[in-house]
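Data block for work.tsv (TSV, C-alpha atoms):
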chain	number	residue	atom	x	y	z
A	1	MET	CA	40.19	-35.78	-10.18
A	2	ASN	CA	39.39	-37.36	-6.84
A	3	HIS	CA	35.89	-37.01	-5.47
A	4	PRO	CA	36.08	-34.13	-2.96
A	5	THR	CA	35.67	-35.04	0.69
A	6	TRP	CA	36.09	-31.53	2.07
A	7	SER	CA	33.82	-30.37	4.89
A	8	PRO	CA	33.62	-26.88	6.36
A	9	PRO	CA	35.40	-26.31	9.67
A	10	PRO	CA	33.03	-26.96	12.58
A	11	ASP	CA	32.98	-23.29	13.63
A	12	TRP	CA	31.64	-22.12	10.24
A	13	PRO	CA	27.86	-21.48	10.15
A	14	GLN	CA	26.13	-23.96	7.86
A	15	VAL	CA	22.63	-23.91	6.37
A	16	THR	CA	20.86	-26.66	4.43
A	17	ALA	CA	17.99	-26.21	2.00
A	18	ILE	CA	15.78	-27.95	-0.54
A	19	GLU	CA	15.48	-26.04	-3.80
A	20	ALA	CA	12.23	-25.85	-5.75
A	21	HIS	CA	10.27	-23.65	-8.12
A	22	THR	CA	6.60	-22.91	-8.68
A	23	ALA	CA	5.71	-22.02	-12.25
A	24	GLY	CA	9.30	-20.82	-12.68
A	25	GLU	CA	9.62	-18.78	-9.48
A	26	PRO	CA	12.33	-20.15	-7.14
A	27	LEU	CA	11.82	-21.18	-3.54
A	28	ARG	CA	14.72	-22.08	-1.27
A	29	VAL	CA	13.18	-24.05	1.62
A	30	ILE	CA	15.55	-23.83	4.59
A	31	THR	CA	15.80	-27.17	6.41
A	32	GLY	CA	18.59	-26.58	8.93
A	33	GLY	CA	21.11	-24.13	10.34
A	34	ILE	CA	18.81	-21.24	11.29
A	35	PRO	CA	17.46	-21.13	14.84
A	36	GLU	CA	13.71	-21.10	15.43
A	37	PRO	CA	12.61	-17.47	15.85
A	38	PRO	CA	10.69	-17.10	19.12
A	39	GLY	CA	7.23	-15.56	19.24
A	40	ALA	CA	3.62	-16.35	20.05
A	41	THR	CA	2.49	-15.33	16.55
A	42	ILE	CA	4.09	-15.55	13.13
A	43	LEU	CA	4.28	-11.75	13.04
A	44	GLU	CA	6.25	-11.85	16.29
A	45	LYS	CA	8.55	-14.47	14.82
A	46	ARG	CA	8.98	-12.25	11.76
A	47	ARG	CA	9.90	-9.25	13.92
A	48	PHE	CA	12.50	-11.29	15.81
A	49	PHE	CA	13.99	-12.60	12.57
A	50	ARG	CA	14.19	-9.09	11.12
A	51	GLU	CA	15.90	-7.73	14.23
A	52	HIS	CA	18.28	-10.60	15.04
A	53	LEU	CA	18.67	-12.98	12.08
A	54	ASP	CA	18.46	-10.82	8.97
A	55	HIS	CA	22.15	-11.35	8.21
A	56	LEU	CA	21.23	-14.98	7.39
A	57	ARG	CA	18.53	-13.83	4.97
A	58	ARG	CA	21.09	-11.68	3.19
A	59	ALA	CA	23.60	-14.53	3.10
A	60	LEU	CA	21.11	-16.97	1.57
A	61	ILE	CA	19.07	-14.71	-0.72
A	62	TRP	CA	21.68	-12.24	-1.98
A	63	GLU	CA	24.75	-13.11	-4.03
A	64	PRO	CA	26.94	-15.15	-4.09
A	65	ARG	CA	24.57	-17.88	-2.82
A	66	GLY	CA	21.47	-16.34	-4.34
A	67	HIS	CA	20.64	-13.51	-6.71
A	68	ALA	CA	18.43	-10.43	-6.99
A	69	ASP	CA	15.34	-12.51	-7.77
A	70	MET	CA	15.88	-15.33	-5.25
A	71	TYR	CA	13.10	-16.21	-2.82
A	72	GLY	CA	13.20	-18.29	0.35
A	73	ALA	CA	11.04	-19.89	3.02
A	74	LEU	CA	11.86	-20.70	6.62
A	75	PRO	CA	9.44	-23.25	8.10
A	76	THR	CA	8.70	-22.61	11.78
A	77	ALA	CA	6.60	-24.08	14.53
A	78	PRO	CA	2.91	-23.21	14.06
A	79	ALA	CA	1.42	-20.33	16.00
A	80	THR	CA	-2.02	-21.95	16.39
A	81	ALA	CA	-3.17	-25.06	18.22
A	82	ASP	CA	-4.37	-26.79	15.04
A	83	GLY	CA	-1.62	-25.54	12.70
A	84	ASP	CA	0.76	-27.97	11.00
A	85	LEU	CA	3.57	-25.45	10.52
A	86	GLY	CA	4.34	-21.78	10.25
A	87	VAL	CA	6.46	-20.06	7.63
A	88	LEU	CA	8.47	-16.90	7.06
A	89	PHE	CA	9.06	-15.80	3.47
A	90	LEU	CA	12.38	-14.17	2.52
A	91	HIS	CA	13.21	-11.97	-0.48
A	92	ASN	CA	15.81	-9.43	-1.56
A	93	GLU	CA	14.33	-6.59	0.51
A	94	GLY	CA	13.24	-8.39	3.67
A	95	LEU	CA	10.36	-10.61	4.76
A	96	SER	CA	7.00	-10.91	3.01
A	97	SER	CA	3.58	-11.10	4.64
A	98	MET	CA	2.32	-13.95	2.41
A	99	CYS	CA	3.45	-15.76	-0.72
A	100	GLY	CA	1.26	-17.97	-2.89
A	101	HIS	CA	3.99	-19.57	-4.99
A	102	GLY	CA	5.80	-20.21	-1.71
A	103	ILE	CA	2.79	-22.04	-0.23
A	104	ILE	CA	2.56	-24.26	-3.32
A	105	ALA	CA	6.27	-25.12	-3.31
A	106	LEU	CA	6.50	-25.52	0.48
A	107	THR	CA	3.54	-27.92	0.49
A	108	THR	CA	5.10	-29.92	-2.33
A	109	VAL	CA	8.50	-30.07	-0.63
A	110	ALA	CA	7.07	-30.90	2.81
A	111	LEU	CA	5.03	-33.85	1.53
A	112	ASP	CA	7.29	-35.22	-1.21
A	113	THR	CA	10.37	-35.26	1.02
A	114	GLY	CA	8.61	-36.64	4.10
A	115	MET	CA	9.22	-33.47	6.09
A	116	ILE	CA	5.54	-33.83	7.02
A	117	GLU	CA	3.87	-37.22	6.69
A	118	ARG	CA	0.28	-37.43	5.50
A	119	ASP	CA	-1.72	-40.27	3.98
A	120	GLY	CA	-4.20	-40.09	1.13
A	121	ASP	CA	-4.41	-38.56	-2.30
A	122	ASP	CA	-5.44	-35.08	-1.12
A	123	PRO	CA	-3.66	-34.32	2.16
A	124	VAL	CA	-4.28	-30.96	3.83
A	125	LEU	CA	-1.72	-28.71	5.54
A	126	ARG	CA	-2.78	-25.84	7.81
A	127	ILE	CA	-0.08	-23.20	7.44
A	128	ASP	CA	0.31	-20.13	9.65
A	129	THR	CA	1.69	-17.15	7.71
A	130	PRO	CA	2.32	-13.55	8.80
A	131	ALA	CA	-0.94	-12.59	7.04
A	132	GLY	CA	-2.95	-15.36	8.73
A	133	ARG	CA	-4.06	-18.97	8.22
A	134	VAL	CA	-3.69	-20.51	4.78
A	135	THR	CA	-5.04	-24.00	4.10
A	136	ALA	CA	-3.27	-25.98	1.36
A	137	THR	CA	-4.55	-29.17	-0.25
A	138	ALA	CA	-2.04	-31.26	-2.18
A	139	HIS	CA	-3.30	-33.32	-5.09
A	140	ARG	CA	-1.12	-36.40	-5.01
A	141	ARG	CA	-1.02	-39.06	-7.71
A	142	GLY	CA	1.43	-41.95	-8.01
A	143	GLY	CA	2.95	-41.06	-4.66
A	144	ARG	CA	3.91	-37.49	-5.71
A	145	VAL	CA	2.30	-34.10	-5.37
A	146	ARG	CA	1.11	-33.09	-8.83
A	147	SER	CA	-0.49	-29.77	-7.88
A	148	VAL	CA	-1.50	-27.75	-4.83
A	149	SER	CA	-4.62	-25.70	-4.15
A	150	PHE	CA	-4.66	-23.26	-1.25
A	151	ARG	CA	-7.36	-21.14	0.32
A	152	ASN	CA	-5.78	-17.80	0.97
A	153	VAL	CA	-6.49	-15.17	3.58
A	154	PRO	CA	-9.49	-12.92	2.80
A	155	SER	CA	-8.68	-10.60	-0.09
A	156	TYR	CA	-10.25	-7.28	-1.01
A	157	VAL	CA	-10.03	-4.10	-3.08
A	158	HIS	CA	-8.47	-1.34	-0.97
A	159	PHE	CA	-9.24	1.43	-3.41
A	160	ALA	CA	-9.85	1.82	-7.16
A	161	GLY	CA	-9.92	4.48	-9.84
A	162	ARG	CA	-6.79	6.32	-8.71
A	163	THR	CA	-4.18	8.17	-10.75
A	164	VAL	CA	-0.62	9.17	-9.94
A	165	ASP	CA	2.06	11.12	-11.79
A	166	VAL	CA	5.13	8.94	-12.26
A	167	PRO	CA	8.47	10.40	-13.43
A	168	GLY	CA	9.27	9.11	-16.90
A	169	LEU	CA	5.83	7.53	-17.36
A	170	GLY	CA	3.34	10.38	-16.93
A	171	THR	CA	-0.11	9.86	-15.44
A	172	VAL	CA	-0.73	6.23	-14.43
A	173	ASN	CA	-4.13	4.76	-13.59
A	174	TYR	CA	-4.12	2.15	-10.85
A	175	GLN	CA	-6.05	0.40	-8.11
A	176	VAL	CA	-4.76	-1.25	-4.94
A	177	ALA	CA	-5.94	-4.64	-3.70
A	178	PHE	CA	-4.88	-7.04	-0.96
A	179	GLY	CA	-4.32	-10.77	-1.45
A	180	GLY	CA	-2.07	-11.38	1.55
A	181	ALA	CA	0.01	-8.38	0.49
A	182	TYR	CA	-0.92	-5.05	-1.11
A	183	TYR	CA	-0.34	-4.48	-4.82
A	184	ALA	CA	-0.97	-1.60	-7.19
A	185	PHE	CA	-2.58	-2.99	-10.37
A	186	VAL	CA	-1.77	-1.22	-13.63
A	187	GLU	CA	-2.60	-2.06	-17.25
A	188	ALA	CA	0.60	-2.62	-19.21
A	189	GLY	CA	-0.68	-1.65	-22.68
A	190	PRO	CA	-1.31	2.07	-22.09
A	191	LEU	CA	2.27	2.41	-20.84
A	192	GLY	CA	3.69	0.70	-23.93
A	193	LEU	CA	4.91	-2.27	-21.89
A	194	GLY	CA	4.94	-5.89	-23.03
A	195	LEU	CA	4.56	-8.88	-20.74
A	196	GLU	CA	7.23	-11.19	-22.15
A	197	PRO	CA	10.63	-12.19	-20.69
A	198	GLY	CA	12.33	-9.76	-23.06
A	199	ASP	CA	10.42	-6.91	-21.41
A	200	ALA	CA	11.91	-7.67	-17.97
A	201	SER	CA	14.20	-4.64	-17.63
A	202	ARG	CA	11.50	-2.15	-18.66
A	203	LEU	CA	8.95	-3.81	-16.39
A	204	ILE	CA	11.32	-3.66	-13.43
A	205	ASP	CA	12.13	-0.02	-14.06
A	206	ALA	CA	8.47	0.98	-14.47
A	207	GLY	CA	7.40	-1.13	-11.51
A	208	ARG	CA	9.93	0.50	-9.19
A	209	ARG	CA	8.92	3.99	-10.35
A	210	ILE	CA	5.20	3.30	-9.89
A	211	LYS	CA	5.66	1.64	-6.51
A	212	MET	CA	7.59	4.63	-5.21
A	213	ALA	CA	5.04	7.11	-6.57
A	214	VAL	CA	2.00	5.25	-5.19
A	215	ALA	CA	3.67	4.71	-1.80
A	216	GLU	CA	4.34	8.45	-1.58
A	217	ALA	CA	0.81	9.37	-2.71
A	218	GLU	CA	-1.20	6.92	-0.59
A	219	GLU	CA	-1.09	5.74	3.00
A	220	ILE	CA	-1.98	2.06	3.02
A	221	ARG	CA	-3.31	0.76	6.30
A	222	HIS	CA	-4.38	-2.81	6.98
A	223	PRO	CA	-7.74	-2.82	8.85
A	224	SER	CA	-6.39	-4.68	11.88
A	225	GLU	CA	-2.62	-5.30	11.66
A	226	PRO	CA	-0.17	-2.39	11.23
A	227	ASP	CA	2.67	-4.74	10.18
A	228	LEU	CA	0.74	-5.66	7.02
A	229	GLY	CA	0.06	-2.07	5.92
A	230	PHE	CA	2.57	-1.40	3.15
A	231	LEU	CA	2.69	-1.53	-0.64
A	232	TYR	CA	4.53	-4.73	-1.57
A	233	GLY	CA	4.58	-4.47	-5.34
A	234	VAL	CA	3.11	-3.48	-8.69
A	235	ILE	CA	1.31	-5.93	-10.97
A	236	PHE	CA	1.04	-5.17	-14.67
A	237	THR	CA	-1.89	-6.84	-16.43
A	238	GLY	CA	-2.67	-7.51	-20.07
A	239	PRO	CA	-4.24	-9.95	-22.50
A	240	PRO	CA	-3.15	-13.60	-22.47
A	241	VAL	CA	-1.04	-15.25	-25.13
A	242	ASP	CA	-3.27	-18.35	-24.96
A	243	PRO	CA	-6.86	-17.26	-25.77
A	244	ALA	CA	-8.16	-20.00	-23.48
A	245	HIS	CA	-6.75	-18.06	-20.51
A	246	HIS	CA	-8.16	-14.99	-18.83
A	247	SER	CA	-5.14	-12.66	-18.84
A	248	ARG	CA	-1.42	-12.27	-18.08
A	249	ASN	CA	0.41	-10.84	-15.05
A	250	ALA	CA	3.87	-9.41	-14.45
A	251	CYS	CA	4.57	-8.67	-10.80
A	252	ILE	CA	7.42	-6.40	-9.66
A	253	PHE	CA	7.79	-6.67	-5.89
A	254	ALA	CA	10.25	-6.01	-3.05
A	255	ASP	CA	13.31	-4.20	-4.48
A	256	GLY	CA	12.64	-4.73	-8.17
A	257	GLU	CA	12.11	-8.51	-8.15
A	258	LEU	CA	10.27	-9.87	-11.18
A	259	ASP	CA	8.05	-12.81	-10.29
A	260	ARG	CA	8.42	-15.63	-12.79
A	261	SER	CA	5.09	-17.13	-11.66
A	262	PRO	CA	1.64	-15.53	-12.03
A	263	THR	CA	1.94	-14.49	-8.33
A	264	GLY	CA	-0.33	-16.35	-5.91
A	265	THR	CA	-1.12	-13.36	-3.71
A	266	GLY	CA	-1.52	-11.25	-6.85
A	267	VAL	CA	-4.12	-13.51	-8.47
A	268	SER	CA	-5.87	-13.66	-5.08
A	269	ALA	CA	-6.16	-9.88	-5.13
A	270	ARG	CA	-7.34	-10.05	-8.73
A	271	ALA	CA	-10.09	-12.46	-7.69
A	272	ALA	CA	-11.31	-9.71	-5.35
A	273	ILE	CA	-11.07	-7.12	-8.13
A	274	HIS	CA	-12.98	-9.20	-10.66
A	275	HIS	CA	-15.60	-10.30	-8.15
A	276	ARG	CA	-16.16	-6.66	-7.24
A	277	ASP	CA	-16.70	-5.67	-10.89
A	278	GLY	CA	-19.03	-8.62	-11.46
A	279	SER	CA	-16.83	-10.61	-13.84
A	280	LEU	CA	-15.94	-13.48	-11.47
A	281	GLU	CA	-18.74	-15.29	-9.71
A	282	PRO	CA	-18.09	-17.74	-6.85
A	283	GLY	CA	-17.08	-21.19	-8.06
A	284	ARG	CA	-16.02	-19.97	-11.51
A	285	ALA	CA	-12.26	-20.22	-12.15
A	286	MET	CA	-10.01	-18.04	-14.26
A	287	THR	CA	-6.52	-18.95	-15.47
A	288	ILE	CA	-3.82	-16.29	-15.37
A	289	GLU	CA	-0.47	-16.48	-17.16
A	290	SER	CA	2.97	-15.36	-16.02
A	291	VAL	CA	5.64	-13.73	-18.18
A	292	LEU	CA	6.86	-17.29	-18.88
A	293	GLY	CA	3.41	-18.49	-19.92
A	294	THR	CA	3.07	-20.69	-16.81
A	295	THR	CA	-0.31	-20.48	-15.12
A	296	PHE	CA	-2.24	-20.34	-11.87
A	297	GLU	CA	-5.94	-20.95	-11.61
A	298	VAL	CA	-7.95	-18.86	-9.15
A	299	GLN	CA	-11.56	-18.86	-8.06
A	300	VAL	CA	-13.71	-17.29	-5.37
A	301	ALA	CA	-14.28	-19.99	-2.77
A	302	ASP	CA	-16.28	-17.85	-0.33
A	303	ILE	CA	-17.53	-14.34	0.40
A	304	THR	CA	-16.56	-12.62	3.63
A	305	ASP	CA	-15.27	-9.28	4.92
A	306	ILE	CA	-12.18	-7.80	6.59
A	307	ASP	CA	-13.27	-5.46	9.37
A	308	GLY	CA	-16.05	-4.04	7.23
A	309	PHE	CA	-14.31	-4.30	3.83
A	310	PRO	CA	-16.21	-6.64	1.46
A	311	ALA	CA	-13.79	-9.49	0.72
A	312	VAL	CA	-13.46	-12.88	-0.91
A	313	VAL	CA	-11.67	-16.07	0.07
A	314	PRO	CA	-9.63	-16.99	-3.02
A	315	GLU	CA	-8.56	-20.51	-3.90
A	316	VAL	CA	-5.41	-20.71	-6.03
A	317	THR	CA	-4.07	-23.81	-7.79
A	318	GLY	CA	-0.58	-24.30	-9.23
A	319	ARG	CA	2.28	-26.76	-9.51
A	320	ALA	CA	5.81	-26.87	-8.06
A	321	HIS	CA	8.88	-28.99	-8.73
A	322	ILE	CA	11.88	-29.87	-6.59
A	323	THR	CA	15.17	-28.98	-8.28
A	324	GLY	CA	17.82	-30.10	-5.79
A	325	THR	CA	19.36	-29.74	-2.36
A	326	SER	CA	21.93	-27.27	-1.06
A	327	ARG	CA	24.41	-27.04	1.79
A	328	PHE	CA	25.81	-23.58	2.38
A	329	CYS	CA	28.60	-22.43	4.64
A	330	ILE	CA	29.76	-18.99	5.72
A	331	ASP	CA	33.50	-18.46	6.07
A	332	PRO	CA	33.94	-16.03	9.02
A	333	ASP	CA	36.94	-14.52	7.20
A	334	ASP	CA	35.01	-13.85	3.98
A	335	PRO	CA	34.37	-10.09	3.71
A	336	LEU	CA	31.35	-10.88	1.49
A	337	GLY	CA	30.19	-13.80	3.60
A	338	GLU	CA	26.88	-12.21	4.49
A	339	GLY	CA	26.07	-11.48	0.88
A	340	PHE	CA	25.85	-8.53	-1.45
A	341	PHE	CA	23.08	-7.20	-3.65
A	342	VAL	CA	23.47	-6.01	-7.23
A	343	ARG	CA	20.47	-5.00	-9.34
Give the structure from this file in structure tokens form.
Amino acid sequence: MNHPTWSPPPDWPQVTAIEAHTAGEPLRVITGGIPEPPGATILEKRRFFREHLDHLRRALIWEPRGHADMYGALPTAPATADGDLGVLFLHNEGLSSMCGHGIIALTTVALDTGMIERDGDDPVLRIDTPAGRVTATAHRRGGRVRSVSFRNVPSYVHFAGRTVDVPGLGTVNYQVAFGGAYYAFVEAGPLGLGLEPGDASRLIDAGRRIKMAVAEAEEIRHPSEPDLGFLYGVIFTGPPVDPAHHSRNACIFADGELDRSPTGTGVSARAAIHHRDGSLEPGRAMTIESVLGTTFEVQVADITDIDGFPAVVPEVTGRAHITGTSRFCIDPDDPLGEGFFVR
């Protein structure tokens, strides 16, 4: 067969992206074809995107160009004078407030592709997210980023020691903590749930049930920003497979997405939980596994507060890999051109 030379007609919308993953969780970094959302803050940019550009999220994240567990990032202009870039995070349900695996992959992509040029073995990127400033340090060896550490927004325990009746599961014990997004943390063992890839369907079903029940039972308010006050997901915890590690996570977020990574915002919230119960002192790291066995390391880098809530500044370390590039087009005559979602 001849090598194809076809190009989309010039009136078809086109979007380019660099594909990557962090610890198994995908990130589609959009590099062209989507206009810069206006706004003085990243939250304002997010509101504009949600109101005027969400059809492009659906086209890129949903099938046939994506899938139910796809995740994306749209780099933007920074919203602060000293910021290097801003970012909006896209998933199957909408736009996230923060994403740890996304920060790790975005930093890797930005530096390894030359999107942002920095010298030295440990370049720093100041990234403005909807939840606030995140500072990422890339650890570069042999000209490539080998891992990324980022200092997240202040994280804290919102409330602990709660119970909720969940249809099909009975009484569930949980606590809610914030690590850039709010999660309900639940032990997997008492519910008879495993934390392996083969447990995915049961985890998704239980996670969706618990999220709905907790969201109905509790009003979650961020201390200062109403746009951040919502329950993003449920994180099931359990013992690690590798005894050298602290524990294992399985995060069900958005509309039943199963995070393949240990969840950067989730382990940030867990740093707050374990610091609060006295099991994680500042400067001491713990390693948390995902359902795939991939890991993030998290430690308490500083102690602070969020409008009166005792909080920690977590530092999370993980590794990302670039997997390819993409060029998408949208046929205006395609009845499914803006995507469809099947779970």
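If you measure from each of A:Gln299, A:Thr16, A:Thr304, A:Ser261 to Pro197 (chain A) using all atoms listed in the file, the closest one turns out to be A:Ser261.
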Next item on the list: Would you work out the distance separating CA of Leu27 (chain A) from CA of Asp331 (chain A), expressed in Å to one decimal?
Entry: 23.9 Å
Could you list, as a CSV table (one decimal) with C-alpha atoms, in the coordinates of the input, every residue within 7 Å of Pro75 (chain A), counting only C-alpha atoms and ignoring same-chain residues fewer than 3 positions away?
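Everything below was put into selection-v8.csv:
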chain,number,residue,atom,x,y,z
A,85,LEU,CA,3.6,-25.4,10.5
A,86,GLY,CA,4.3,-21.8,10.2
A,87,VAL,CA,6.5,-20.1,7.6
A,88,LEU,CA,8.5,-16.9,7.1
Checklist line | Contact residues around Leu193 (chain A) with all atoms listed in the file at 8 Å, ignoring same-chain residues under 6 positions, as a list of chain:residue names | finding: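 Here the answer would be A:Asp199, A:Arg202, A:Leu203.
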Next item on the list: Figure out the distance between CA of Val267 (chain A) and CA of Leu111 (chain A), please, to one decimal in Å.
Entry: 24.4 Å
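CA of His101 (chain A) lies 20.8 Å from CA of Arg65 (chain A).
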Check: So which one's closest to Asp255 (chain A), A:Thr76, A:Thr325, A:Thr5, A:Ser96? Using all atoms listed in the file, please.
Finding: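 Residue with the minimum atom-to-atom distance to Asp255 (chain A): A:Ser96.
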Note to self: I need every residue sitting at most 7 Å from the point (-4.7, -5.6, -0.1) (coordinates as in the file, all atoms listed in the file considered), written as an MDAnalysis selection string.
What the structure shows: chainID A and resid 155:158 176:183 269
For the structure just given, write the atoms of region 74-98 of chain A, namely C-alpha atoms, as an mmCIF file, in the first residue's frame.
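To be explicit, this is the file written out as decode29.cif:
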data_model
loop_
_atom_site.group_PDB
_atom_site.id
_atom_site.type_symbol
_atom_site.label_atom_id
_atom_site.label_comp_id
_atom_site.auth_asym_id
_atom_site.auth_seq_id
_atom_site.Cartn_x
_atom_site.Cartn_y
_atom_site.Cartn_z
ATOM 1 C CA LEU A 74 -4.621 21.866 28.503
ATOM 2 C CA PRO A 75 -1.607 24.109 29.204
ATOM 3 C CA THR A 76 -2.543 27.783 29.472
ATOM 4 C CA ALA A 77 -0.867 31.084 30.145
ATOM 5 C CA PRO A 78 -0.008 31.450 33.844
ATOM 6 C CA ALA A 79 -2.301 33.452 36.096
ATOM 7 C CA THR A 80 0.507 34.804 38.299
ATOM 8 C CA ALA A 81 3.422 37.116 37.576
ATOM 9 C CA ASP A 82 6.047 34.484 38.419
ATOM 10 C CA GLY A 83 4.215 31.449 37.003
ATOM 11 C CA ASP A 84 5.686 29.426 34.135
ATOM 12 C CA LEU A 85 2.355 28.061 32.905
ATOM 13 C CA GLY A 86 -1.180 27.304 33.933
ATOM 14 C CA VAL A 87 -3.110 24.106 33.335
ATOM 15 C CA LEU A 88 -6.658 22.792 33.097
ATOM 16 C CA PHE A 89 -7.220 19.091 33.729
ATOM 17 C CA LEU A 90 -9.887 17.223 31.733
ATOM 18 C CA HIS A 91 -11.631 13.936 32.543
ATOM 19 C CA ASN A 92 -14.784 12.041 31.612
ATOM 20 C CA GLU A 93 -17.065 14.160 33.810
ATOM 21 C CA GLY A 94 -15.598 17.633 33.379
ATOM 22 C CA LEU A 95 -12.608 19.575 34.699
ATOM 23 C CA SER A 96 -10.620 18.736 37.815
ATOM 24 C CA SER A 97 -9.314 21.162 40.428
ATOM 25 C CA MET A 98 -5.842 19.555 40.652
#
